[in-house]
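One file, coords_33.json, carrying JSON, C-alpha atoms:
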[["chain", "number", "residue", "atom", "x", "y", "z"],
["A", 30, "MET", "CA", 81.68, 110.69, 74.97],
["A", 31, "ARG", "CA", 83.22, 112.11, 78.14],
["A", 32, "LEU", "CA", 79.86, 112.14, 79.93],
["A", 33, "SER", "CA", 78.97, 108.52, 79.22],
["A", 34, "SER", "CA", 82.54, 107.38, 79.89],
["A", 35, "CYS", "CA", 82.49, 109.02, 83.31],
["A", 36, "LEU", "CA", 79.20, 107.42, 84.25],
["A", 37, "THR", "CA", 80.62, 104.05, 83.26],
["A", 38, "LEU", "CA", 83.76, 104.73, 85.29],
["A", 39, "LEU", "CA", 81.88, 105.68, 88.41],
["A", 40, "SER", "CA", 79.62, 102.64, 88.01],
["A", 41, "THR", "CA", 82.71, 100.44, 87.80],
["A", 42, "LEU", "CA", 83.62, 101.55, 91.30],
["A", 43, "ALA", "CA", 80.25, 100.36, 92.63],
["A", 44, "VAL", "CA", 81.46, 97.07, 94.06],
["A", 45, "GLY", "CA", 81.02, 95.41, 97.43],
["A", 46, "SER", "CA", 79.88, 97.83, 100.12],
["A", 47, "ALA", "CA", 79.36, 100.59, 97.57],
["A", 48, "PHE", "CA", 75.76, 99.56, 96.87],
["A", 49, "SER", "CA", 73.15, 102.22, 97.57],
["A", 50, "THR", "CA", 69.76, 102.03, 99.25],
["A", 51, "GLY", "CA", 68.15, 101.63, 95.84],
["A", 52, "LEU", "CA", 70.29, 98.63, 95.01],
["A", 53, "ARG", "CA", 69.94, 96.85, 98.34],
["A", 54, "SER", "CA", 66.61, 95.39, 97.27],
["A", 55, "ALA", "CA", 67.98, 94.06, 93.99],
["A", 56, "PRO", "CA", 66.99, 90.41, 93.39],
["A", 57, "PHE", "CA", 70.54, 89.11, 93.59],
["A", 58, "LEU", "CA", 70.83, 90.52, 97.13],
["A", 59, "THR", "CA", 67.48, 89.19, 98.36],
["A", 60, "GLY", "CA", 68.09, 86.72, 101.13],
["A", 61, "SER", "CA", 71.82, 87.17, 100.85],
["A", 62, "PRO", "CA", 73.74, 86.90, 104.12],
["A", 63, "ILE", "CA", 75.85, 89.87, 103.06],
["A", 64, "ALA", "CA", 72.92, 92.19, 102.27],
["A", 65, "PRO", "CA", 72.70, 93.51, 105.88],
["A", 66, "SER", "CA", 76.33, 94.64, 105.71],
["A", 67, "PHE", "CA", 75.49, 96.60, 102.55],
["A", 68, "SER", "CA", 72.61, 98.22, 104.40],
["A", 69, "ARG", "CA", 74.76, 99.25, 107.34],
["A", 70, "SER", "CA", 77.45, 100.62, 105.05],
["A", 71, "CYS", "CA", 74.98, 102.63, 103.00],
["A", 72, "ALA", "CA", 73.19, 103.99, 106.03],
["A", 73, "ARG", "CA", 76.40, 105.74, 107.08],
["A", 74, "SER", "CA", 76.87, 107.41, 103.70],
["A", 75, "SER", "CA", 75.31, 110.77, 102.76],
["A", 76, "SER", "CA", 75.80, 110.06, 99.06],
["A", 77, "ASN", "CA", 72.79, 110.25, 96.76],
["A", 78, "SER", "CA", 74.52, 108.34, 93.97],
["A", 79, "ALA", "CA", 74.27, 104.69, 93.06],
["A", 80, "LEU", "CA", 77.73, 104.33, 94.57],
["A", 81, "SER", "CA", 77.02, 105.56, 98.10],
["A", 82, "MET", "CA", 80.72, 106.12, 98.61],
["A", 83, "LYS", "CA", 81.97, 108.63, 101.10],
["A", 84, "THR", "CA", 85.03, 109.67, 99.15],
["A", 85, "ILE", "CA", 86.34, 109.13, 95.63],
["A", 86, "ALA", "CA", 89.92, 110.10, 94.75],
["A", 87, "VAL", "CA", 90.44, 111.39, 91.21],
["A", 88, "VAL", "CA", 93.97, 111.56, 89.79],
["A", 89, "GLY", "CA", 94.63, 113.98, 86.95],
["A", 90, "ALA", "CA", 91.53, 115.84, 88.07],
["A", 91, "SER", "CA", 91.77, 118.89, 85.81],
["A", 92, "GLY", "CA", 91.68, 116.82, 82.61],
["A", 93, "LEU", "CA", 88.59, 116.79, 80.42],
["A", 94, "LEU", "CA", 87.34, 113.33, 81.37],
["A", 95, "ALA", "CA", 88.51, 113.53, 84.97],
["A", 96, "SER", "CA", 86.75, 116.85, 85.56],
["A", 97, "GLU", "CA", 83.50, 115.18, 84.47],
["A", 98, "CYS", "CA", 84.07, 112.49, 87.09],
["A", 99, "VAL", "CA", 84.80, 115.08, 89.77],
["A", 100, "TYR", "CA", 81.78, 117.20, 88.87],
["A", 101, "GLN", "CA", 79.29, 114.34, 88.65],
["A", 102, "ALA", "CA", 80.48, 112.67, 91.84],
["A", 103, "LEU", "CA", 80.06, 115.96, 93.73],
["A", 104, "LYS", "CA", 76.59, 116.50, 92.25],
["A", 105, "ASN", "CA", 75.64, 113.01, 93.37],
["A", 106, "GLY", "CA", 76.60, 113.75, 96.96],
["A", 107, "ASP", "CA", 80.00, 112.05, 97.08],
["A", 108, "SER", "CA", 83.10, 113.72, 98.46],
["A", 109, "VAL", "CA", 86.07, 113.99, 96.13],
["A", 110, "VAL", "CA", 89.80, 114.24, 96.76],
["A", 111, "ALA", "CA", 91.35, 115.55, 93.55],
["A", 112, "LEU", "CA", 95.04, 115.52, 92.62],
["A", 113, "THR", "CA", 96.25, 117.69, 89.76],
["A", 114, "ARG", "CA", 99.42, 119.50, 88.79],
["A", 115, "ASN", "CA", 97.43, 122.68, 88.14],
["A", 116, "PRO", "CA", 94.53, 123.13, 90.58],
["A", 117, "SER", "CA", 93.48, 126.39, 88.93],
["A", 118, "ASN", "CA", 92.73, 124.42, 85.75],
["A", 119, "LEU", "CA", 89.91, 122.43, 87.34],
["A", 120, "LYS", "CA", 86.78, 123.81, 85.72],
["A", 121, "ILE", "CA", 83.13, 122.85, 85.53],
["A", 122, "PRO", "CA", 83.07, 120.57, 82.47],
["A", 123, "GLN", "CA", 81.39, 121.34, 79.17],
["A", 124, "GLY", "CA", 79.66, 117.98, 79.01],
["A", 125, "SER", "CA", 77.39, 118.27, 82.04],
["A", 126, "GLY", "CA", 78.12, 121.73, 83.44],
["A", 127, "GLY", "CA", 75.41, 123.52, 81.50],
["A", 128, "ALA", "CA", 75.47, 127.30, 81.78],
["A", 129, "GLU", "CA", 78.17, 127.11, 84.47],
["A", 130, "ALA", "CA", 80.63, 125.24, 82.24],
["A", 131, "GLY", "CA", 84.08, 126.80, 82.22],
["A", 132, "ASN", "CA", 83.76, 128.35, 85.67],
["A", 133, "THR", "CA", 86.12, 127.31, 88.45],
["A", 134, "LEU", "CA", 84.90, 124.11, 90.08],
["A", 135, "THR", "CA", 84.47, 124.55, 93.82],
["A", 136, "ASP", "CA", 82.42, 122.58, 96.31],
["A", 137, "PRO", "CA", 82.44, 122.05, 100.10],
["A", 138, "ASN", "CA", 82.96, 118.32, 99.47],
["A", 139, "LEU", "CA", 85.96, 118.86, 97.18],
["A", 140, "THR", "CA", 89.49, 118.59, 98.52],
["A", 141, "LEU", "CA", 91.89, 119.84, 95.88],
["A", 142, "ILE", "CA", 95.56, 118.84, 96.09],
["A", 143, "GLY", "CA", 98.20, 120.42, 93.92],
["A", 144, "GLY", "CA", 100.97, 117.97, 93.16],
["A", 145, "SER", "CA", 102.46, 115.42, 90.82],
["A", 146, "VAL", "CA", 101.38, 111.82, 90.55],
["A", 147, "THR", "CA", 105.05, 110.93, 90.04],
["A", 148, "ASN", "CA", 105.80, 112.13, 93.58],
["A", 149, "PRO", "CA", 104.77, 109.45, 96.11],
["A", 150, "SER", "CA", 104.40, 112.02, 98.89],
["A", 151, "ASP", "CA", 101.89, 114.00, 96.81],
["A", 152, "VAL", "CA", 99.95, 110.83, 96.05],
["A", 153, "ALA", "CA", 99.95, 109.92, 99.75],
["A", 154, "LYS", "CA", 98.12, 113.17, 100.56],
["A", 155, "MET", "CA", 95.02, 111.82, 98.82],
["A", 156, "PHE", "CA", 94.82, 108.99, 101.33],
["A", 157, "GLU", "CA", 95.17, 110.99, 104.54],
["A", 158, "GLY", "CA", 91.43, 110.54, 105.07],
["A", 159, "GLN", "CA", 89.12, 107.70, 104.12],
["A", 160, "VAL", "CA", 89.04, 106.91, 100.40],
["A", 161, "ASP", "CA", 86.60, 104.34, 99.02],
["A", 162, "GLY", "CA", 87.60, 104.28, 95.35],
["A", 163, "VAL", "CA", 90.06, 105.81, 92.91],
["A", 164, "VAL", "CA", 89.75, 107.05, 89.33],
["A", 165, "VAL", "CA", 93.06, 107.46, 87.49],
["A", 166, "ALA", "CA", 92.61, 109.70, 84.44],
["A", 167, "LEU", "CA", 96.15, 110.68, 83.54],
["A", 168, "GLY", "CA", 97.06, 112.04, 80.15],
["A", 169, "GLY", "CA", 98.99, 114.61, 78.19],
["A", 170, "LYS", "CA", 101.46, 114.70, 75.37],
["A", 171, "THR", "CA", 104.67, 112.79, 75.98],
["A", 172, "SER", "CA", 106.62, 115.96, 75.19],
["A", 173, "ASP", "CA", 104.86, 117.66, 78.10],
["A", 174, "VAL", "CA", 104.63, 114.91, 80.72],
["A", 175, "GLY", "CA", 107.59, 112.66, 79.87],
["A", 176, "ASP", "CA", 107.91, 109.07, 78.75],
["A", 177, "THR", "CA", 107.14, 107.38, 82.07],
["A", 178, "MET", "CA", 104.59, 109.60, 83.81],
["A", 179, "LEU", "CA", 101.66, 107.29, 83.11],
["A", 180, "THR", "CA", 103.33, 104.11, 84.33],
["A", 181, "ASP", "CA", 105.22, 105.72, 87.22],
["A", 182, "GLY", "CA", 102.18, 107.67, 88.36],
["A", 183, "THR", "CA", 99.80, 104.72, 88.20],
["A", 184, "THR", "CA", 102.31, 102.60, 90.10],
["A", 185, "ASN", "CA", 102.47, 105.24, 92.84],
["A", 186, "VAL", "CA", 98.68, 105.29, 93.09],
["A", 187, "ILE", "CA", 98.42, 101.50, 93.30],
["A", 188, "ASN", "CA", 101.13, 101.36, 95.96],
["A", 189, "ALA", "CA", 99.32, 104.00, 98.03],
["A", 190, "MET", "CA", 96.06, 102.11, 97.63],
["A", 191, "LYS", "CA", 97.68, 98.93, 98.92],
["A", 192, "GLU", "CA", 99.12, 100.76, 101.90],
["A", 193, "ASN", "CA", 95.67, 102.15, 102.74],
["A", 194, "ASN", "CA", 93.63, 99.05, 101.89],
["A", 195, "VAL", "CA", 91.69, 100.77, 99.10],
["A", 196, "LYS", "CA", 90.52, 98.19, 96.57],
["A", 197, "ARG", "CA", 88.36, 99.97, 94.00],
["A", 198, "LEU", "CA", 90.21, 101.37, 90.99],
["A", 199, "SER", "CA", 89.24, 102.55, 87.52],
["A", 200, "VAL", "CA", 91.93, 103.63, 85.05],
["A", 201, "VAL", "CA", 90.90, 105.47, 81.89],
["A", 202, "THR", "CA", 92.48, 107.35, 79.04],
["A", 203, "SER", "CA", 91.07, 109.21, 76.08],
["A", 204, "ILE", "CA", 94.32, 108.83, 74.12],
["A", 205, "GLY", "CA", 93.42, 107.65, 70.67],
["A", 206, "ALA", "CA", 90.19, 109.61, 70.47],
["A", 207, "GLY", "CA", 89.78, 112.65, 68.25],
["A", 208, "ASP", "CA", 92.93, 114.63, 67.57],
["A", 209, "SER", "CA", 94.97, 112.42, 69.94],
["A", 210, "LYS", "CA", 94.79, 109.46, 67.54],
["A", 211, "ASP", "CA", 98.49, 109.70, 66.72],
["A", 212, "GLN", "CA", 99.36, 109.20, 70.41],
["A", 213, "ALA", "CA", 97.63, 105.82, 70.49],
["A", 214, "PRO", "CA", 99.65, 102.60, 70.23],
["A", 215, "PHE", "CA", 100.36, 101.49, 66.65],
["A", 216, "PHE", "CA", 98.02, 98.50, 66.77],
["A", 217, "LEU", "CA", 95.11, 100.87, 67.46],
["A", 218, "GLN", "CA", 96.03, 102.95, 64.42],
["A", 219, "ASN", "CA", 96.26, 100.03, 61.98],
["A", 220, "PRO", "CA", 94.39, 101.11, 58.82],
["A", 221, "HIS", "CA", 93.62, 97.46, 58.00],
["A", 222, "ASP", "CA", 91.81, 96.91, 61.27],
["A", 223, "ASP", "CA", 88.10, 96.14, 60.88],
["A", 224, "CYS", "CA", 87.41, 98.73, 63.56],
["A", 225, "ASN", "CA", 89.19, 101.61, 61.89],
["A", 226, "GLU", "CA", 87.54, 104.99, 61.52],
["A", 227, "GLU", "CA", 86.30, 104.42, 57.98],
["A", 228, "ASN", "CA", 84.55, 101.20, 58.90],
["A", 229, "LEU", "CA", 83.01, 102.72, 62.00],
["A", 230, "ARG", "CA", 81.27, 105.32, 59.82],
["A", 231, "ARG", "CA", 79.41, 102.61, 57.86]]
Conversion result in structure tokens:
Amino acid sequence: MRLSSCLTLLSTLAVGSAFSTGLRSAPFLTGSPIAPSFSRSCARSSSNSALSMKTIAVVGASGLLASECVYQALKNGDSVVALTRNPSNLKIPQGSGGAEAGNTLTDPNLTLIGGSVTNPSDVAKMFEGQVDGVVVALGGKTSDVGDTMLTDGTTNVINAMKENNVKRLSVVTSIGAGDSKDQAPFFLQNPHDDCNEENLRR
């Protein structure tokens, strides 16, 4: 689940000038007056991914889903700026890390920032260089992170994006999946819902 979700997330960021060389020849770009600008943008990027972004910022980077995003973006040739409260907790993920899973995640293209998303000055550090897109993957039990961390933190990220003219954003949470079901909003836990767990097994 985490692997496919991360791929979807990173694909969501592929908008506008994020198209790669492989996508420049797509039929919907053929003859388009904006296709040359895609080509110029992609030519400057060293990314091997379908995104061809120079830098992706990942918030909550040491989480299970976020670490997949960090790892896969790095493997695809993108640079990553990662914000997490506990940098030492950023590990190679189980989903795609193979035999290296569980080891400390390091890479020359990884900038790791220790800080809190609720602190605007920590969030601002992510945008000191060029950032092309942002993945917000915040989470945690309310008893650990507080009642307003998710909303306050996401607001700080969006404000920083506006200040730095960054327009690509994906926000994701795994709350409600697996043993975190009880943390999900009530309407997602409704046992009479046609999409409840019992019906999904059919």
Show me as number ranges by chain the residues that reach within 9 Å of (86.7, 128.8, 91.1), counting only C-alpha atoms and using the file's own coordinates. A: 117, 119-121, 132-135
A:Asn193, A:Ser96, A:Ser125, A:Thr147: which is nearest Gly175 in chain A, counting all atoms listed in the file?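 Closest to Gly175 in chain A of all the choices is A:Thr147.
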Quick check, in Å to one decimal: how far apart do CA of Leu103 in chain A and CA of Val160 in chain A lie?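 Separation of CA of Leu103 in chain A and CA of Val160 in chain A: 14.4 Å.
Take CA of Ile187 in chain A and CA of Lys170 in chain A: the distance between them is 22.5 Å.
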Range 83-102 of chain A, all listed atoms, 8 Å padding on each side: what axis-aligned box centre and edge lengths in Å to one decimal come out, as JSON?
{"center_x": 87.0, "center_y": 113.8, "center_z": 90.8, "size_x": 31.3, "size_y": 26.3, "size_z": 36.7}
Using all atoms listed in the file, pick whichever of A:Ala153, A:Ala130, A:Asn185, A:Val163 has the shortest atom-to-atom distance to Val200 in chain A.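 Smallest distance to Val200 in chain A is found for A:Val163.
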Tell me, as a list of chain:residue names, which residues lie within 10 Å of Gly168 in chain A, counting all atoms listed in the file; anything in the same chain fewer than 4 positions away does not count.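 The residues that qualify are A:Gly89, A:Gly92, A:Leu93, A:Leu94, A:Ala95, A:Asp173, A:Val174, A:Met178, A:Leu179, A:Val201, A:Thr202, A:Ser203, A:Ile204.
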Residues of the last selection are to be written out with C-alpha atoms, as a PDB file, in the frame of the given file.
ATOM      1  CA  GLY A  89      94.630 113.980  86.950  1.00  0.00           C
ATOM      2  CA  GLY A  92      91.680 116.820  82.610  1.00  0.00           C
ATOM      3  CA  LEU A  93      88.590 116.790  80.420  1.00  0.00           C
ATOM      4  CA  LEU A  94      87.340 113.330  81.370  1.00  0.00           C
ATOM      5  CA  ALA A  95      88.510 113.530  84.970  1.00  0.00           C
ATOM      6  CA  ASP A 173     104.860 117.660  78.100  1.00  0.00           C
ATOM      7  CA  VAL A 174     104.630 114.910  80.720  1.00  0.00           C
ATOM      8  CA  MET A 178     104.590 109.600  83.810  1.00  0.00           C
ATOM      9  CA  LEU A 179     101.660 107.290  83.110  1.00  0.00           C
ATOM     10  CA  VAL A 201      90.900 105.470  81.890  1.00  0.00           C
ATOM     11  CA  THR A 202      92.480 107.350  79.040  1.00  0.00           C
ATOM     12  CA  SER A 203      91.070 109.210  76.080  1.00  0.00           C
ATOM     13  CA  ILE A 204      94.320 108.830  74.120  1.00  0.00           C
TER      14      ILE A 204
END
May I ask for the distance between CA of Asp181 in chain A and CA of Asn138 in chain A, given in Å to one decimal place? 28.4 Å
Just checking: using only C-alpha atoms, which residue out of A:Ser91, A:Asn188, A:Ser108, A:Ser199 ends up closest to Thr140 in chain A?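 Checking each candidate against Thr140 in chain A, we get A:Ser108 as the closest.
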Residue with the minimum atom-to-atom distance to Val146 in chain A, picked from A:Gly124, A:Ala102, A:Glu129, A:Val88 with all atoms listed in the file counted, is A:Val88
If you count all atoms listed in the file, which residues fall within 8 Å of Leu141 in chain A, apart from same-chain ones fewer than 3 positions away, as a PyMOL selection string? chain A and resi 110-113+116
From the list A:Gly143, A:Asp151, A:Gly169, A:Gly162, which residue is nearest Arg197 in chain A when using all atoms listed in the file?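 When distances to Arg197 in chain A are compared using all atoms listed in the file, the smallest one comes from A:Gly162.
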Restricting to all atoms listed in the file, whichever of A:Val186, A:Val164, A:Thr171, A:Asp176 is closest to Pro149 in chain A is A:Val186
